[in-house]
Amino acid sequence: MAISVINMIPNPTIPPRVAQGGLQVLSGIVECRFRGDFGGTGRDTLTFNVGPVAFTGRQSGPPIASCTVSLASFGFDGAARDALWAVDSAEVTNFVNQDKSSGTADLEVVANLAVRGEAGLVLRVNYSLFYTPS
């Protein structure tokens, strides 16, 4: 079962006139709630959208983008023994919510998280995304 997004808190973006070569940098916090499994390490997927970014409609294939996701708020609801929290991977997979009239789209980010112990929690992750229109 996928991890649900509770809220998105984007940071102010770097103005395009400041970034070199049209590079867009987006960052922020994703609020979620992911609990570990009893007696083992639970792994699940968090999918969220970031944007809007410039989109010409001519792009084919996946976006030219890179994303880093890291833990921002995590804990253990009780006594902790052999605790683990991790972001196993993160990638920008697709353009979504394409609006050709405004020339924008959002980027879909997929992050794989892990928590050991049923009392382990991940409540927030932060992201930094770098995108260049092709």
# chains A, B, ... in the order shown; residues from 1 in each chain; ligands from 1
call {"tool": "select_by_dssp", "arguments": {"residues": "chain A", "states": "strand (DSSP E or B)", "output": "PyMOL selection string"}}
result
chain A and resi 3+5-10+24-35+37+41-54+65-76+84-99+104-116+120-131
call {"tool": "residues_around", "arguments": {"residues": "segment 115-118 of chain A", "least_positions_apart": "5", "cutoff": "6 Å", "atoms": "only C-alpha atoms", "output": "list in words"}}
result
Gly36, Asp37, Phe38, Gly39, Gly40, Thr41, Gly42, Ala83, Leu84 and Trp85 of chain A
call {"tool": "residues_around", "arguments": {"residues": "Asp44 of chain A", "least_positions_apart": "3", "cutoff": "7 Å", "atoms": "only C-alpha atoms", "output": "PyMOL selection string"}}
result
chain A and resi 2-3+112-114
call {"tool": "write_last_selection", "arguments": {"atoms": "all heavy atoms", "output": "CSV table (one decimal), in the first residue's frame"}}
result
chain,number,residue,atom,x,y,z
A,2,ALA,N,0.7,2.2,-0.9
A,2,ALA,CA,1.5,3.4,-1.0
A,2,ALA,C,1.3,4.3,0.1
A,2,ALA,O,0.2,4.3,0.8
A,2,ALA,CB,1.1,4.1,-2.3
A,3,ILE,N,2.3,5.1,0.4
A,3,ILE,CA,2.3,6.1,1.5
A,3,ILE,C,1.5,7.3,1.0
A,3,ILE,O,1.7,7.8,-0.1
A,3,ILE,CB,3.7,6.5,1.9
A,3,ILE,CG1,4.5,5.3,2.3
A,3,ILE,CG2,3.7,7.6,3.0
A,3,ILE,CD1,6.0,5.5,2.4
A,112,ASN,N,11.3,5.7,-2.3
A,112,ASN,CA,11.1,4.5,-1.6
A,112,ASN,C,11.7,4.6,-0.2
A,112,ASN,O,12.9,4.9,0.0
A,112,ASN,CB,11.8,3.3,-2.4
A,112,ASN,CG,11.2,3.1,-3.7
A,112,ASN,OD1,10.0,2.8,-3.8
A,112,ASN,ND2,11.9,3.2,-4.8
A,113,LEU,N,10.8,4.4,0.8
A,113,LEU,CA,11.2,4.6,2.2
A,113,LEU,C,11.2,3.3,2.9
A,113,LEU,O,10.6,2.3,2.5
A,113,LEU,CB,10.2,5.5,2.9
A,113,LEU,CG,9.9,6.9,2.2
A,113,LEU,CD1,8.9,7.7,3.1
A,113,LEU,CD2,11.1,7.7,2.0
A,114,ALA,N,12.0,3.3,4.0
A,114,ALA,CA,12.0,2.1,4.9
A,114,ALA,C,12.0,2.5,6.3
A,114,ALA,O,12.6,3.5,6.7
A,114,ALA,CB,13.3,1.3,4.6
call {"tool": "atom_distance", "arguments": {"atom1": "atom CA of Gly22 of chain A", "atom2": "atom CA of Val69 of chain A"}}
result
22.3 Å
call {"tool": "residues_around", "arguments": {"residues": "Arg124 of chain A", "least_positions_apart": "2", "cutoff": "7 Å", "atoms": "only C-alpha atoms", "output": "list in words"}}
result
Ile29, Val30, Glu31, Cys32, Leu71, Ala72, Ser73, Val122 and Asn126 of chain A
call {"tool": "atom_distance", "arguments": {"atom1": "atom CA of Gly75 of chain A", "atom2": "atom CA of Leu129 of chain A"}}
result
25.1 Å
call {"tool": "closest_residue", "arguments": {"among": "A:Ser66, A:Thr47, A:Ser128, A:Gln98", "to": "Ser27 of chain A", "atoms": "only C-alpha atoms"}}
result
A:Ser128
call {"tool": "atom_distance", "arguments": {"atom1": "atom CA of Ala119 of chain A", "atom2": "atom CA of Ile9 of chain A"}}
result
25.6 Å
call {"tool": "residues_around", "arguments": {"residues": "Phe95 of chain A", "least_positions_apart": "2", "cutoff": "7 Å", "atoms": "only C-alpha atoms", "output": "list in words"}}
result
Pro63, Gln98, Ala105, Asp106, Leu107 and Glu108 of chain A
call {"tool": "write_last_selection", "arguments": {"atoms": "N, CA, C and O atoms", "output": "mmCIF file, in the first residue's frame"}}
result
data_model
loop_
_atom_site.group_PDB
_atom_site.id
_atom_site.type_symbol
_atom_site.label_atom_id
_atom_site.label_comp_id
_atom_site.auth_asym_id
_atom_site.auth_seq_id
_atom_site.Cartn_x
_atom_site.Cartn_y
_atom_site.Cartn_z
ATOM 1 N N PRO A 63 11.512 13.034 -17.913
ATOM 2 C CA PRO A 63 12.079 14.373 -17.771
ATOM 3 C C PRO A 63 13.588 14.314 -17.523
ATOM 4 O O PRO A 63 14.106 13.351 -16.963
ATOM 5 N N GLN A 98 -0.116 18.126 -17.311
ATOM 6 C CA GLN A 98 0.395 18.949 -18.406
ATOM 7 C C GLN A 98 -0.641 19.978 -18.839
ATOM 8 O O GLN A 98 -1.804 19.641 -19.026
ATOM 9 N N ALA A 105 3.974 21.939 -16.618
ATOM 10 C CA ALA A 105 3.592 20.599 -16.160
ATOM 11 C C ALA A 105 4.189 20.415 -14.772
ATOM 12 O O ALA A 105 5.071 21.175 -14.354
ATOM 13 N N ASP A 106 3.704 19.427 -14.059
ATOM 14 C CA ASP A 106 4.314 19.023 -12.799
ATOM 15 C C ASP A 106 5.198 17.818 -13.065
ATOM 16 O O ASP A 106 5.060 17.140 -14.088
ATOM 17 N N LEU A 107 6.105 17.556 -12.138
ATOM 18 C CA LEU A 107 6.970 16.392 -12.220
ATOM 19 C C LEU A 107 6.587 15.408 -11.127
ATOM 20 O O LEU A 107 6.379 15.804 -9.980
ATOM 21 N N GLU A 108 6.473 14.142 -11.488
ATOM 22 C CA GLU A 108 6.149 13.095 -10.523
ATOM 23 C C GLU A 108 7.442 12.550 -9.928
ATOM 24 O O GLU A 108 8.355 12.150 -10.646
#
call {"tool": "closest_residue", "arguments": {"among": "A:Val50, A:Leu121, A:Ala86, A:Val96", "to": "Met8 of chain A", "atoms": "only C-alpha atoms"}}
result
A:Val50
call {"tool": "residues_around", "arguments": {"residues": "Ser134 of chain A", "least_positions_apart": "5", "cutoff": "9 Å", "atoms": "only C-alpha atoms", "output": "list in words"}}
result
Phe55, Thr56, Arg58, Gln59, Pro63 and Ile64 of chain A
call {"tool": "residues_around", "arguments": {"residues": "Thr93 of chain A", "least_positions_apart": "4", "cutoff": "7 Å", "atoms": "only C-alpha atoms", "output": "number ranges by chain"}}
result
A: 62, 108-110
call {"tool": "write_last_selection", "arguments": {"atoms": "C-alpha atoms", "output": "PDB file, in the first residue's frame"}}
result
ATOM      1  CA  PRO A  62      11.264  10.839 -18.972  1.00  0.00           C
ATOM      2  CA  GLU A 108       6.149  13.095 -10.523  1.00  0.00           C
ATOM      3  CA  VAL A 109       8.659  12.017  -7.865  1.00  0.00           C
ATOM      4  CA  VAL A 110       8.775   8.450  -6.535  1.00  0.00           C
TER       5      VAL A 110
END
call {"tool": "closest_residue", "arguments": {"among": "A:Ala111, A:Ala79, A:Val92, A:Cys67", "to": "Val25 of chain A", "atoms": "only C-alpha atoms"}}
result
A:Cys67
call {"tool": "closest_residue", "arguments": {"among": "A:Arg81, A:Leu46, A:Pro133, A:Gly51", "to": "Asn11 of chain A", "atoms": "only C-alpha atoms"}}
result
A:Gly51
call {"tool": "decode", "arguments": {"residues": "segment 94-124 of chain A", "atoms": "C-alpha atoms", "output": "CSV table (one decimal), in the first residue's frame"}}
result
chain,number,residue,atom,x,y,z
A,94,ASN,CA,7.0,11.5,-15.5
A,95,PHE,CA,5.4,14.7,-16.5
A,96,VAL,CA,1.9,15.0,-15.0
A,97,ASN,CA,-0.8,17.7,-15.0
A,98,GLN,CA,0.4,18.9,-18.4
A,99,ASP,CA,-1.1,22.3,-19.4
A,100,LYS,CA,-0.1,23.1,-23.0
A,101,SER,CA,-1.9,26.5,-22.9
A,102,SER,CA,0.4,27.8,-20.1
A,103,GLY,CA,3.4,25.7,-21.2
A,104,THR,CA,3.8,24.0,-17.8
A,105,ALA,CA,3.6,20.6,-16.2
A,106,ASP,CA,4.3,19.0,-12.8
A,107,LEU,CA,7.0,16.4,-12.2
A,108,GLU,CA,6.1,13.1,-10.5
A,109,VAL,CA,8.7,12.0,-7.9
A,110,VAL,CA,8.8,8.5,-6.5
A,111,ALA,CA,10.7,7.8,-3.3
A,112,ASN,CA,11.1,4.5,-1.6
A,113,LEU,CA,11.2,4.6,2.2
A,114,ALA,CA,12.0,2.1,4.9
A,115,VAL,CA,11.3,1.9,8.6
A,116,ARG,CA,12.2,-0.9,11.0
A,117,GLY,CA,9.8,-1.7,13.9
A,118,GLU,CA,6.1,-1.2,14.1
A,119,ALA,CA,6.6,1.9,16.4
A,120,GLY,CA,8.9,3.5,13.8
A,121,LEU,CA,7.5,6.6,12.0
A,122,VAL,CA,8.4,8.8,9.1
A,123,LEU,CA,6.3,12.0,9.3
A,124,ARG,CA,8.1,14.4,6.8
